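Structure file target.txt; described as compact mmCIF, C-alpha atoms and all ligand atoms.
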```txt
# COMPACT_ATOMS: atom_id res chain seq x y z
CA MET A 1 56.89 -112.96 -38.97
CA LYS A 2 59.14 -114.69 -36.48
CA LYS A 3 60.43 -112.94 -33.38
CA TYR A 4 64.11 -112.94 -34.44
CA ASP A 5 65.84 -112.56 -37.78
CA TYR A 6 68.70 -114.80 -36.66
CA LEU A 7 69.17 -117.53 -34.11
CA ILE A 8 72.90 -117.86 -33.50
CA VAL A 9 73.94 -121.23 -32.12
CA GLY A 10 77.19 -120.78 -30.19
CA ALA A 11 78.40 -117.78 -28.18
CA GLY A 12 82.01 -118.37 -29.24
CA LEU A 13 84.08 -115.92 -31.27
CA TYR A 14 82.39 -116.69 -34.59
CA GLY A 15 78.87 -116.44 -33.18
CA ALA A 16 79.67 -113.26 -31.26
CA VAL A 17 81.12 -111.49 -34.32
CA PHE A 18 78.15 -112.42 -36.48
CA ALA A 19 75.67 -111.42 -33.74
CA GLN A 20 77.42 -108.07 -33.32
CA GLN A 21 77.39 -107.37 -37.05
CA ALA A 22 73.75 -108.41 -37.40
CA LYS A 23 72.67 -106.19 -34.52
CA GLU A 24 74.64 -103.29 -35.99
CA THR A 25 72.65 -103.60 -39.21
CA GLY A 26 69.37 -103.53 -37.26
CA LYS A 27 68.61 -107.24 -37.21
CA LYS A 28 66.94 -108.93 -34.24
CA VAL A 29 69.16 -111.70 -32.93
CA LEU A 30 69.11 -114.38 -30.26
CA VAL A 31 72.34 -116.12 -29.25
CA ILE A 32 72.26 -119.47 -27.49
CA ASP A 33 74.98 -121.73 -26.13
CA LYS A 34 74.83 -125.14 -24.52
CA ARG A 35 77.61 -124.15 -22.12
CA SER A 36 77.00 -122.05 -19.00
CA ASN A 37 79.32 -119.33 -20.29
CA ILE A 38 79.90 -117.19 -23.35
CA GLY A 39 83.19 -117.17 -25.25
CA GLY A 40 83.36 -120.76 -26.48
CA ASN A 41 86.96 -121.92 -26.42
CA ILE A 42 88.43 -118.49 -25.80
CA TYR A 43 86.56 -118.24 -22.48
CA THR A 44 88.68 -116.84 -19.65
CA GLU A 45 87.66 -117.27 -16.04
CA LYS A 46 88.93 -115.12 -13.18
CA ILE A 47 90.68 -117.15 -10.48
CA GLU A 48 92.68 -115.38 -7.75
CA GLY A 49 92.42 -112.18 -9.81
CA ILE A 50 94.03 -113.92 -12.82
CA ASN A 51 92.30 -114.43 -16.18
CA VAL A 52 92.66 -118.17 -16.66
CA HIS A 53 92.41 -119.46 -20.24
CA LYS A 54 90.06 -122.32 -19.47
CA TYR A 55 90.20 -124.13 -22.86
CA GLY A 56 93.87 -123.60 -23.61
CA ALA A 57 96.21 -120.62 -23.88
CA HIS A 58 95.09 -118.11 -26.49
CA ILE A 59 97.35 -115.44 -27.94
CA PHE A 60 95.84 -113.12 -30.49
CA HIS A 61 98.13 -112.52 -33.46
CA THR A 62 97.38 -111.31 -36.96
CA ASN A 63 98.63 -109.54 -40.05
CA ASN A 64 95.10 -108.59 -41.00
CA LYS A 65 94.58 -104.89 -40.25
CA GLU A 66 90.80 -105.06 -40.72
CA VAL A 67 90.54 -107.86 -38.14
CA TRP A 68 92.88 -106.06 -35.74
CA ASP A 69 90.91 -102.82 -35.99
CA TYR A 70 87.68 -104.75 -35.51
CA VAL A 71 88.72 -106.57 -32.30
CA ASN A 72 90.17 -103.35 -30.92
CA ARG A 73 86.66 -101.91 -30.93
CA PHE A 74 85.78 -104.37 -28.17
CA ALA A 75 89.00 -104.74 -26.20
CA GLU A 76 92.22 -102.94 -25.50
CA PHE A 77 95.11 -105.31 -26.18
CA ASN A 78 98.25 -105.44 -24.08
CA ARG A 79 101.77 -105.83 -25.52
CA PHE A 80 102.15 -109.54 -24.72
CA THR A 81 104.56 -111.31 -27.06
CA ASN A 82 104.63 -115.07 -27.17
CA SER A 83 108.15 -116.28 -26.28
CA PRO A 84 107.89 -119.85 -25.01
CA VAL A 85 110.77 -121.53 -23.19
CA ALA A 86 111.70 -125.19 -23.66
CA ASN A 87 112.68 -127.26 -20.64
CA TYR A 88 114.67 -130.38 -21.53
CA LYS A 89 115.48 -132.25 -18.32
CA GLY A 90 116.16 -128.97 -16.53
CA GLU A 91 118.12 -127.34 -19.39
CA LEU A 92 116.25 -124.23 -20.58
CA TYR A 93 116.25 -123.18 -24.24
CA SER A 94 114.76 -120.19 -26.07
CA MET A 95 112.03 -120.75 -28.62
CA PRO A 96 111.53 -120.56 -31.51
CA PHE A 97 115.00 -121.87 -32.39
CA ASN A 98 117.23 -118.82 -32.54
CA MET A 99 120.72 -117.59 -31.64
CA TYR A 100 120.02 -117.91 -27.88
CA THR A 101 119.02 -121.55 -28.48
CA PHE A 102 122.14 -122.29 -30.55
CA ASN A 103 124.45 -120.57 -28.08
CA LYS A 104 123.05 -122.67 -25.25
CA MET A 105 123.13 -125.88 -27.32
CA TRP A 106 126.66 -125.57 -28.80
CA GLY A 107 128.30 -122.45 -27.38
CA VAL A 108 128.34 -120.86 -30.84
CA VAL A 109 128.34 -117.07 -30.91
CA THR A 110 127.92 -115.90 -34.51
CA PRO A 111 125.18 -116.70 -37.06
CA GLU A 112 127.86 -118.25 -39.34
CA GLU A 113 128.97 -120.64 -36.61
CA ALA A 114 125.36 -121.62 -35.87
CA SER A 115 124.57 -122.16 -39.51
CA THR A 116 127.72 -124.30 -40.06
CA LYS A 117 126.82 -126.46 -37.07
CA ILE A 118 123.24 -127.03 -38.28
CA ASP A 119 124.41 -127.82 -41.83
CA GLU A 120 126.97 -130.34 -40.51
CA GLN A 121 124.26 -132.17 -38.58
CA ARG A 122 121.64 -132.05 -41.32
CA ARG A 123 123.96 -133.94 -43.66
CA GLU A 124 123.34 -137.11 -41.66
CA ILE A 125 120.15 -137.64 -43.68
CA LYS A 126 120.82 -138.72 -47.23
CA GLY A 127 118.01 -138.76 -49.77
CA GLU A 128 114.32 -138.28 -49.14
CA PRO A 129 113.36 -138.38 -45.40
CA GLN A 130 111.32 -141.53 -44.73
CA ASN A 131 109.65 -140.51 -41.48
CA LEU A 132 109.21 -137.57 -39.11
CA GLU A 133 112.52 -138.24 -37.32
CA GLU A 134 114.51 -138.10 -40.57
CA GLN A 135 112.56 -135.08 -41.73
CA ALA A 136 113.26 -133.14 -38.51
CA ILE A 137 116.97 -134.03 -38.55
CA SER A 138 117.20 -132.97 -42.22
CA LEU A 139 115.80 -129.58 -41.20
CA VAL A 140 117.57 -128.75 -37.91
CA GLY A 141 120.12 -131.51 -37.21
CA ARG A 142 120.23 -134.22 -34.56
CA ASP A 143 120.97 -132.20 -31.39
CA ILE A 144 117.96 -129.92 -31.71
CA TYR A 145 115.82 -132.84 -32.82
CA GLU A 146 116.81 -135.00 -29.82
CA LYS A 147 116.40 -132.29 -27.19
CA LEU A 148 113.67 -130.02 -28.48
CA VAL A 149 111.55 -131.86 -31.05
CA LYS A 150 111.47 -135.62 -30.41
CA GLY A 151 109.90 -135.99 -26.95
CA TYR A 152 107.39 -133.16 -27.41
CA THR A 153 106.20 -134.49 -30.77
CA GLU A 154 105.95 -138.07 -29.48
CA LYS A 155 103.83 -136.90 -26.55
CA GLN A 156 101.61 -134.88 -28.86
CA TRP A 157 100.95 -137.74 -31.24
CA GLY A 158 101.24 -140.63 -28.80
CA ARG A 159 103.63 -142.37 -31.23
CA ASP A 160 107.34 -142.73 -31.93
CA CYS A 161 108.72 -140.14 -34.40
CA LYS A 162 110.02 -143.00 -36.56
CA GLU A 163 106.44 -144.18 -36.99
CA LEU A 164 105.06 -140.76 -37.90
CA PRO A 165 104.94 -139.59 -41.53
CA ALA A 166 107.49 -136.98 -42.64
CA PHE A 167 104.88 -134.55 -43.98
CA ILE A 168 103.61 -133.62 -40.47
CA ILE A 169 106.65 -131.35 -40.09
CA LYS A 170 107.05 -129.33 -43.26
CA ARG A 171 109.30 -126.69 -41.76
CA LEU A 172 110.99 -125.97 -38.46
CA PRO A 173 111.78 -122.28 -38.41
CA VAL A 174 115.44 -121.53 -37.67
CA ARG A 175 116.31 -117.94 -36.84
CA LEU A 176 119.85 -116.72 -37.07
CA THR A 177 118.88 -113.71 -34.94
CA PHE A 178 118.22 -113.10 -31.25
CA ASP A 179 114.46 -112.87 -31.79
CA ASN A 180 112.32 -114.80 -29.28
CA ASN A 181 108.99 -113.62 -30.71
CA TYR A 182 107.20 -116.84 -31.67
CA PHE A 183 104.72 -115.37 -34.12
CA ASN A 184 105.59 -113.58 -37.34
CA ALA A 185 102.66 -111.22 -36.96
CA LEU A 186 102.37 -107.48 -37.23
CA TYR A 187 99.83 -107.30 -34.39
CA GLN A 188 99.84 -109.39 -31.24
CA GLY A 189 98.49 -109.22 -27.69
CA ILE A 190 95.99 -110.33 -25.09
CA PRO A 191 92.77 -108.41 -24.40
CA ILE A 192 93.15 -106.51 -21.14
CA GLY A 193 90.57 -107.91 -18.71
CA GLY A 194 90.34 -111.25 -20.55
CA TYR A 195 88.69 -112.66 -23.66
CA THR A 196 85.35 -113.15 -21.90
CA LYS A 197 85.11 -109.38 -21.41
CA MET A 198 85.81 -108.85 -25.11
CA ILE A 199 83.00 -111.25 -26.08
CA GLU A 200 80.71 -109.59 -23.52
CA ASN A 201 81.37 -106.26 -25.22
CA MET A 202 80.59 -107.74 -28.64
CA LEU A 203 77.32 -109.15 -27.29
CA GLU A 204 76.27 -105.96 -25.54
CA GLY A 205 72.50 -105.37 -25.91
CA ILE A 206 72.00 -108.83 -27.46
CA GLU A 207 69.82 -111.49 -25.87
CA VAL A 208 71.85 -114.55 -24.86
CA ARG A 209 70.47 -117.81 -23.48
CA LEU A 210 73.02 -120.11 -21.89
CA ASP A 211 72.64 -123.81 -20.98
CA THR A 212 70.51 -124.19 -24.09
CA ASP A 213 71.33 -126.99 -26.49
CA TYR A 214 70.09 -126.30 -30.00
CA LEU A 215 69.98 -129.92 -31.11
CA GLU A 216 67.94 -130.97 -28.10
CA ASN A 217 65.37 -128.18 -28.65
CA LYS A 218 65.63 -127.73 -32.40
CA ALA A 219 61.97 -127.74 -33.44
CA GLU A 220 61.02 -125.22 -30.78
CA LEU A 221 64.02 -122.93 -31.38
CA ASP A 222 63.62 -122.98 -35.17
CA LYS A 223 60.18 -121.44 -34.71
CA LEU A 224 61.76 -118.35 -33.16
CA ALA A 225 63.95 -117.15 -36.02
CA GLU A 226 63.92 -116.76 -39.80
CA LYS A 227 67.42 -118.13 -40.14
CA VAL A 228 69.99 -120.04 -38.08
CA VAL A 229 73.74 -119.51 -37.89
CA TYR A 230 75.10 -122.77 -36.51
CA THR A 231 78.64 -122.87 -35.06
CA GLY A 232 78.39 -126.31 -33.44
CA ALA A 233 79.84 -129.52 -34.87
CA ILE A 234 78.54 -130.30 -38.35
CA ASP A 235 78.46 -134.09 -37.76
CA ALA A 236 76.46 -133.59 -34.53
CA TYR A 237 73.88 -131.55 -36.49
CA PHE A 238 73.25 -134.57 -38.70
CA GLY A 239 73.15 -137.00 -35.77
CA TYR A 240 76.55 -138.45 -36.83
CA LYS A 241 74.69 -140.39 -39.49
CA LEU A 242 77.74 -140.64 -41.77
CA GLY A 243 80.14 -141.31 -38.87
CA TYR A 244 82.20 -139.22 -36.44
CA LEU A 245 84.64 -136.54 -37.53
CA GLU A 246 87.80 -136.99 -35.45
CA TYR A 247 89.61 -134.46 -33.25
CA ARG A 248 92.88 -134.36 -31.39
CA SER A 249 92.27 -133.70 -27.78
CA VAL A 250 94.11 -132.08 -24.92
CA ARG A 251 93.45 -132.23 -21.18
CA PHE A 252 94.15 -129.37 -18.78
CA ASP A 253 95.02 -129.85 -15.15
CA THR A 254 94.70 -126.48 -13.43
CA GLU A 255 96.09 -125.66 -10.00
CA VAL A 256 96.26 -122.57 -7.77
CA LEU A 257 99.66 -122.20 -6.11
CA ASP A 258 100.34 -120.23 -2.99
CA LYS A 259 103.37 -118.44 -4.45
CA PRO A 260 103.76 -115.42 -6.71
CA ASN A 261 105.90 -116.96 -9.44
CA PHE A 262 106.12 -120.58 -10.56
CA GLN A 263 108.06 -120.49 -13.84
CA GLY A 264 108.55 -116.83 -14.78
CA ASN A 265 106.97 -117.23 -18.22
CA ALA A 266 103.50 -117.81 -19.66
CA ALA A 267 104.48 -121.01 -21.50
CA VAL A 268 107.15 -123.60 -20.79
CA ASN A 269 107.27 -126.64 -23.10
CA TYR A 270 108.57 -129.89 -21.61
CA THR A 271 110.45 -131.41 -24.51
CA ASP A 272 111.64 -134.66 -22.94
CA ARG A 273 109.63 -137.87 -23.42
CA GLU A 274 109.43 -138.79 -19.72
CA THR A 275 107.55 -135.74 -18.32
CA PRO A 276 103.93 -136.66 -18.99
CA TRP A 277 102.66 -133.14 -19.76
CA THR A 278 103.56 -131.29 -22.96
CA ARG A 279 103.64 -127.85 -21.44
CA ILE A 280 102.74 -125.71 -18.44
CA ILE A 281 100.90 -122.42 -18.81
CA GLU A 282 101.24 -119.86 -16.01
CA HIS A 283 98.30 -117.60 -16.79
CA LYS A 284 99.30 -114.46 -14.87
CA TRP A 285 102.22 -113.78 -17.25
CA PHE A 286 99.80 -113.11 -20.12
CA GLU A 287 99.10 -109.94 -18.15
CA PHE A 288 102.59 -109.39 -16.72
CA GLY A 289 101.65 -110.74 -13.29
CA LYS A 290 99.40 -107.79 -12.56
CA GLY A 291 95.81 -107.68 -11.33
CA GLU A 292 93.04 -105.43 -12.57
CA ASN A 293 94.37 -102.38 -10.73
CA GLY A 294 97.96 -102.92 -11.71
CA ASN A 295 98.67 -104.60 -8.38
CA ASP A 296 101.12 -107.53 -8.00
CA LEU A 297 99.22 -110.76 -7.39
CA PRO A 298 100.32 -112.92 -4.45
CA ASN A 299 99.28 -116.28 -5.96
CA THR A 300 99.55 -117.95 -9.31
CA VAL A 301 97.51 -120.36 -11.43
CA ILE A 302 99.12 -122.98 -13.65
CA SER A 303 97.69 -125.46 -16.14
CA ARG A 304 99.52 -128.61 -17.13
CA GLU A 305 98.57 -129.71 -20.64
CA TYR A 306 98.39 -133.36 -21.60
CA SER A 307 97.76 -134.64 -25.11
CA SER A 308 95.03 -137.22 -25.04
CA GLU A 309 93.20 -139.49 -27.43
CA TRP A 310 89.84 -138.09 -28.47
CA LYS A 311 86.71 -140.23 -28.31
CA PRO A 312 83.13 -139.32 -29.17
CA GLY A 313 81.63 -137.21 -26.40
CA ASP A 314 84.97 -135.54 -25.46
CA GLU A 315 85.50 -131.80 -25.97
CA PRO A 316 86.54 -131.38 -29.64
CA TYR A 317 89.76 -129.35 -29.89
CA TYR A 318 91.88 -129.74 -33.02
CA PRO A 319 90.21 -131.11 -36.18
CA VAL A 320 92.26 -133.91 -37.76
CA ASN A 321 92.30 -132.62 -41.32
CA ASP A 322 93.67 -135.79 -42.90
CA ASP A 323 92.27 -137.31 -46.12
CA LYS A 324 89.80 -139.60 -44.36
CA ASN A 325 88.27 -136.86 -42.19
CA ASN A 326 88.30 -134.21 -44.92
CA LYS A 327 86.41 -136.61 -47.19
CA LEU A 328 83.82 -137.25 -44.49
CA TYR A 329 83.52 -133.50 -43.89
CA GLU A 330 82.86 -132.96 -47.62
CA GLU A 331 80.00 -135.47 -47.38
CA TYR A 332 78.50 -133.61 -44.42
CA LYS A 333 79.01 -130.32 -46.25
CA ALA A 334 77.01 -131.65 -49.19
CA LEU A 335 74.18 -132.47 -46.78
CA ALA A 336 74.48 -129.01 -45.19
CA GLU A 337 74.09 -127.34 -48.59
CA LYS A 338 70.70 -129.02 -48.99
CA GLU A 339 69.42 -127.61 -45.67
CA GLU A 340 67.38 -124.44 -45.84
CA ASN A 341 67.71 -121.25 -43.78
CA ILE A 342 70.87 -122.31 -42.01
CA ILE A 343 74.50 -121.25 -42.30
CA PHE A 344 77.30 -123.44 -40.91
CA GLY A 345 80.28 -121.46 -39.59
CA GLY A 346 83.27 -121.46 -37.25
CA ARG A 347 85.81 -124.11 -36.43
CA LEU A 348 83.24 -126.84 -35.66
CA GLY A 349 80.70 -125.92 -38.32
CA GLU A 350 83.41 -125.89 -41.01
CA TYR A 351 85.68 -128.53 -39.43
CA LYS A 352 88.81 -126.40 -39.88
CA TYR A 353 91.54 -125.29 -37.53
CA TYR A 354 91.05 -121.53 -37.51
CA ASP A 355 93.21 -119.20 -35.46
CA MET A 356 91.17 -116.45 -33.83
CA ASP A 357 92.01 -113.87 -36.48
CA VAL A 358 90.84 -116.22 -39.23
CA THR A 359 87.67 -116.99 -37.26
CA VAL A 360 86.95 -113.23 -37.07
CA ALA A 361 87.79 -112.73 -40.75
CA GLN A 362 85.49 -115.60 -41.77
CA ALA A 363 82.63 -114.28 -39.61
CA LEU A 364 83.05 -110.76 -41.01
CA LYS A 365 83.11 -112.10 -44.56
CA MET A 366 79.97 -114.15 -43.98
CA SER A 367 78.27 -111.12 -42.38
CA LYS A 368 79.06 -108.99 -45.44
CA ASN A 369 77.53 -111.58 -47.78
CA GLU A 370 74.54 -112.23 -45.58
CA LEU A 371 73.46 -108.95 -44.03
C1 LIG B 1 93.83 -125.55 -27.35
C2 LIG B 1 93.64 -124.43 -28.37
C3 LIG B 1 94.49 -123.33 -28.34
C4 LIG B 1 94.30 -122.28 -29.25
N1 LIG B 1 95.16 -121.22 -29.22
C5 LIG B 1 95.01 -120.23 -30.10
C6 LIG B 1 95.91 -119.11 -30.10
O1 LIG B 1 96.85 -119.03 -29.27
N2 LIG B 1 95.71 -118.12 -31.01
C7 LIG B 1 94.68 -118.16 -31.92
O2 LIG B 1 94.55 -117.23 -32.72
N3 LIG B 1 93.81 -119.19 -31.93
C8 LIG B 1 93.94 -120.22 -31.05
N4 LIG B 1 93.04 -121.27 -31.06
C9 LIG B 1 91.87 -121.23 -32.00
C10 LIG B 1 90.61 -120.57 -31.36
O3 LIG B 1 90.24 -121.30 -30.22
C11 LIG B 1 89.47 -120.55 -32.39
O4 LIG B 1 89.82 -119.74 -33.48
C12 LIG B 1 88.12 -120.00 -31.85
O5 LIG B 1 87.82 -120.42 -30.55
C13 LIG B 1 86.98 -120.44 -32.77
O6 LIG B 1 85.75 -119.89 -32.38
P1 LIG B 1 84.37 -120.56 -32.81
O7 LIG B 1 83.29 -119.62 -32.41
O8 LIG B 1 84.43 -121.01 -34.23
O9 LIG B 1 84.29 -121.94 -31.97
P2 LIG B 1 84.03 -122.24 -30.43
O10 LIG B 1 84.83 -121.35 -29.58
O11 LIG B 1 84.19 -123.70 -30.25
O12 LIG B 1 82.48 -121.86 -30.22
C14 LIG B 1 81.42 -122.72 -30.58
C15 LIG B 1 80.35 -122.62 -29.51
O13 LIG B 1 79.18 -123.33 -29.94
C16 LIG B 1 78.62 -123.97 -28.81
N5 LIG B 1 77.80 -125.09 -29.28
C17 LIG B 1 78.20 -126.19 -29.95
N6 LIG B 1 77.17 -127.01 -30.20
C18 LIG B 1 76.08 -126.40 -29.67
C19 LIG B 1 74.70 -126.75 -29.58
N7 LIG B 1 74.25 -127.91 -30.09
N8 LIG B 1 73.84 -125.91 -28.96
C20 LIG B 1 74.28 -124.75 -28.41
N9 LIG B 1 75.58 -124.36 -28.47
C21 LIG B 1 76.46 -125.18 -29.09
C22 LIG B 1 79.82 -124.42 -28.01
O14 LIG B 1 79.46 -124.65 -26.66
C23 LIG B 1 80.77 -123.23 -28.18
O15 LIG B 1 80.61 -122.29 -27.15
C24 LIG B 1 93.26 -122.36 -30.20
C25 LIG B 1 92.43 -123.48 -30.24
C26 LIG B 1 92.62 -124.52 -29.35
C27 LIG B 1 91.73 -125.72 -29.43
```

Take the structure in the file and give it back as structure tokens.
Amino acid sequence: MKKYDYLIVGAGLYGAVFAQQAKETGKKVLVIDKRSNIGGNIYTEKIEGINVHKYGAHIFHTNNKEVWDYVNRFAEFNRFTNSPVANYKGELYSMPFNMYTFNKMWGVVTPEEASTKIDEQRREIKGEPQNLEEQAISLVGRDIYEKLVKGYTEKQWGRDCKELPAFIIKRLPVRLTFDNNYFNALYQGIPIGGYTKMIENMLEGIEVRLDTDYLENKAELDKLAEKVVYTGAIDAYFGYKLGYLEYRSVRFDTEVLDKPNFQGNAAVNYTDRETPWTRIIEHKWFEFGKGENGNDLPNTVISREYSSEWKPGDEPYYPVNDDKNNKLYEEYKALAEKEENIIFGGRLGEYKYYDMDVTVAQALKMSKNEL
């Protein structure tokens, strides 16, 4: 008999949900993480009384009632609604593209006028779009493309839109209403007190060891538990023996400012090509500028986001699910299926971009099958 039923590698969202479910069914669990903090990529750190989203802005949104009810057991969510603003050389536009955007762009007032204007501009592209530029113009017309799509996309991909394939942009939502709510989700919000607190609540009463790398101490750690749930990178588990799975990376440059309000919104996208960052997050607006006791906060914290090339050893952010990488993942998955007493899960273990709600749903599903 080993000391624990499950060793859970990774104290991120997936690991925390599985650990919570396992404990609830009476299993003995140990959670480890190589980082010095719990939460994985949803980790929030308090700076100047503000919950700073350390690994990128995270907004919880879902249509899945089971997932929503589940996370609400561990956090109270506020009424935050994601409504980013686009800044094109000092001109501000509402996002996603809606009647406010079209009014500012062309002075149109009615949905019919907006729709006529977009249709006029879309006609420029005849036949099948040959690249991302043509695809975007065929969806929203040249003006919106030039001011709100081109520069941002080129910064994100580090390449000219004419050199990017059309399929990257399948749709660009156009709303003929005055609705600035970015997500089409029934439930949306930010956990009051931060995501770290929510994960702490999930892990209540569970032993957690931080600064512990599974792969560096595998033989020793395997002796402790009957089974492992591994939420680290699948290629790292196998020593990258078939090659590296690629990621798109992003770099955050975080600054405390001695003023109460920098940009008046949680997210402002810089859609011109010249500004080197893609967007600026002002973290306090995820919680309406208020501190823990409902007090107004005198300072603010901002993070500039830069798209950057990923190289082995960098923090993996977005999996590149193209044919080449998906094929390599399938090869690793075949190896994983031959391993005994280990389950691979989460965004790194399954090499998939999962929003938080999908991560929770996947972890709950796995728990139901397993426990
Ligand atoms: C920039 C960005 C923004 C996002 N924004 C949103 C959003 O607004 N809304 C939304 O719904 N979703 C968003 N997501 C998705 C969200 O981050 C994921 O759904 C979620 O974090 C996945 O959780 P996870 O547990 O699978 O992975 P992770 O959070 O990566 O957790 C894995 C953990 O395993 C640990 N680990 C890895 N290897 C080892 C090892 N060898 N030994 C010990 N520990 C190890 C890591 O340190 C990490 O803590 C965003 C993602 C990114 C990258």

Legend entry - Atom pair atom CA of Arg122 of chain A / atom CA of Arg279 of chain A: separation (Å):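 Going from atom CA of Arg122 of chain A over to atom CA of Arg279 of chain A covers 27.1 Å.
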
So that each row is one residue of chain A with an atom at most 6 Å from ligand LIG 1 (chain B), can you give its shortest atom pair and the distance in Å to one decimal, using only C-alpha atoms and all ligand atoms, rows by chain and rising number, as CSV?
```
residue,atom,partner,partner_atom,distance
A:Val9,CA,B:LIG1,N9,5.1
A:Gly10,CA,B:LIG1,O13,3.2
A:Ala11,CA,B:LIG1,O15,5.1
A:Gly12,CA,B:LIG1,O7,3.6
A:Leu13,CA,B:LIG1,O7,4.0
A:Tyr14,CA,B:LIG1,O7,3.8
A:Gly15,CA,B:LIG1,O7,5.5
A:Ile32,CA,B:LIG1,C20,5.7
A:Asp33,CA,B:LIG1,N9,3.6
A:Lys34,CA,B:LIG1,C20,3.9
A:Arg35,CA,B:LIG1,O14,4.9
A:Gly40,CA,B:LIG1,O15,3.2
A:Asn41,CA,B:LIG1,O10,3.9
A:Ile42,CA,B:LIG1,O5,5.2
A:Tyr55,CA,B:LIG1,C1,5.9
A:Gly56,CA,B:LIG1,C1,4.2
A:Ala57,CA,B:LIG1,N1,5.5
A:His58,CA,B:LIG1,O1,3.4
A:Ile59,CA,B:LIG1,O1,3.9
A:Phe60,CA,B:LIG1,O2,4.9
A:His61,CA,B:LIG1,O2,6.0
A:Thr212,CA,B:LIG1,C20,5.8
A:Asp213,CA,B:LIG1,N8,3.7
A:Tyr214,CA,B:LIG1,N8,3.9
A:Leu215,CA,B:LIG1,N7,4.8
A:Thr231,CA,B:LIG1,O13,5.2
A:Gly232,CA,B:LIG1,C17,3.5
A:Ala233,CA,B:LIG1,N6,5.9
A:Tyr317,CA,B:LIG1,C27,4.2
A:Tyr318,CA,B:LIG1,C27,5.4
A:Gly346,CA,B:LIG1,O8,3.3
A:Arg347,CA,B:LIG1,O8,4.0
A:Tyr354,CA,B:LIG1,O4,4.6
A:Asp355,CA,B:LIG1,N3,3.6
A:Met356,CA,B:LIG1,O4,3.6
A:Asp357,CA,B:LIG1,O2,5.6
A:Thr359,CA,B:LIG1,O4,5.1
```

Legend entry - Residue nearest Tyr240 of chain A among A:Glu292, A:Glu331, A:Glu315, A:Glu66 (counting all atoms listed in the file):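 Checking each of A:Glu292, A:Glu331, A:Glu315, A:Glu66 against Tyr240 of chain A, counting all atoms listed in the file, the winner is A:Glu331.
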
Legend entry - Contacts of Ala114 of chain A at 12 Å (all atoms listed in the file; same-chain gap of 3+ positions) as number ranges by chain: A: 97-111, 117-121, 140-141, 144, 174-177

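Distances to Arg251 of chain A were evaluated for A:Asn181, A:Thr278, A:Asn87, A:Thr44 using all atoms listed in the file, and the minimum falls at A:Thr278.
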
Missing atoms of segment 324-333 of chain A rebuilt to N, CA, C and O atoms, written as a CSV table (one decimal), keeping the file's coordinate frame:
```
chain,number,residue,atom,x,y,z
A,324,LYS,N,91.0,-138.9,-44.8
A,324,LYS,CA,89.8,-139.6,-44.4
A,324,LYS,C,88.8,-138.6,-43.8
A,324,LYS,O,87.6,-138.6,-44.2
A,325,ASN,N,89.2,-137.8,-42.8
A,325,ASN,CA,88.3,-136.9,-42.2
A,325,ASN,C,87.8,-135.7,-43.1
A,325,ASN,O,86.7,-135.3,-43.1
A,326,ASN,N,88.7,-135.3,-44.0
A,326,ASN,CA,88.3,-134.2,-44.9
A,326,ASN,C,87.2,-134.7,-45.9
A,326,ASN,O,86.3,-134.0,-46.2
A,327,LYS,N,87.4,-136.0,-46.3
A,327,LYS,CA,86.4,-136.6,-47.2
A,327,LYS,C,85.0,-136.7,-46.5
A,327,LYS,O,84.0,-136.4,-47.1
A,328,LEU,N,85.1,-137.1,-45.2
A,328,LEU,CA,83.8,-137.2,-44.5
A,328,LEU,C,83.2,-135.9,-44.3
A,328,LEU,O,82.0,-135.7,-44.5
A,329,TYR,N,84.0,-134.9,-44.0
A,329,TYR,CA,83.5,-133.5,-43.9
A,329,TYR,C,82.8,-133.1,-45.2
A,329,TYR,O,81.7,-132.5,-45.2
A,330,GLU,N,83.5,-133.4,-46.3
A,330,GLU,CA,82.9,-133.0,-47.6
A,330,GLU,C,81.5,-133.6,-47.8
A,330,GLU,O,80.6,-133.0,-48.3
A,331,GLU,N,81.3,-134.8,-47.3
A,331,GLU,CA,80.0,-135.5,-47.4
A,331,GLU,C,79.0,-134.8,-46.5
A,331,GLU,O,77.8,-134.5,-46.9
A,332,TYR,N,79.4,-134.4,-45.3
A,332,TYR,CA,78.5,-133.6,-44.4
A,332,TYR,C,78.2,-132.2,-45.0
A,332,TYR,O,77.1,-131.8,-45.0
A,333,LYS,N,79.2,-131.6,-45.7
A,333,LYS,CA,79.0,-130.3,-46.2
A,333,LYS,C,78.0,-130.4,-47.4
A,333,LYS,O,77.1,-129.5,-47.5
```
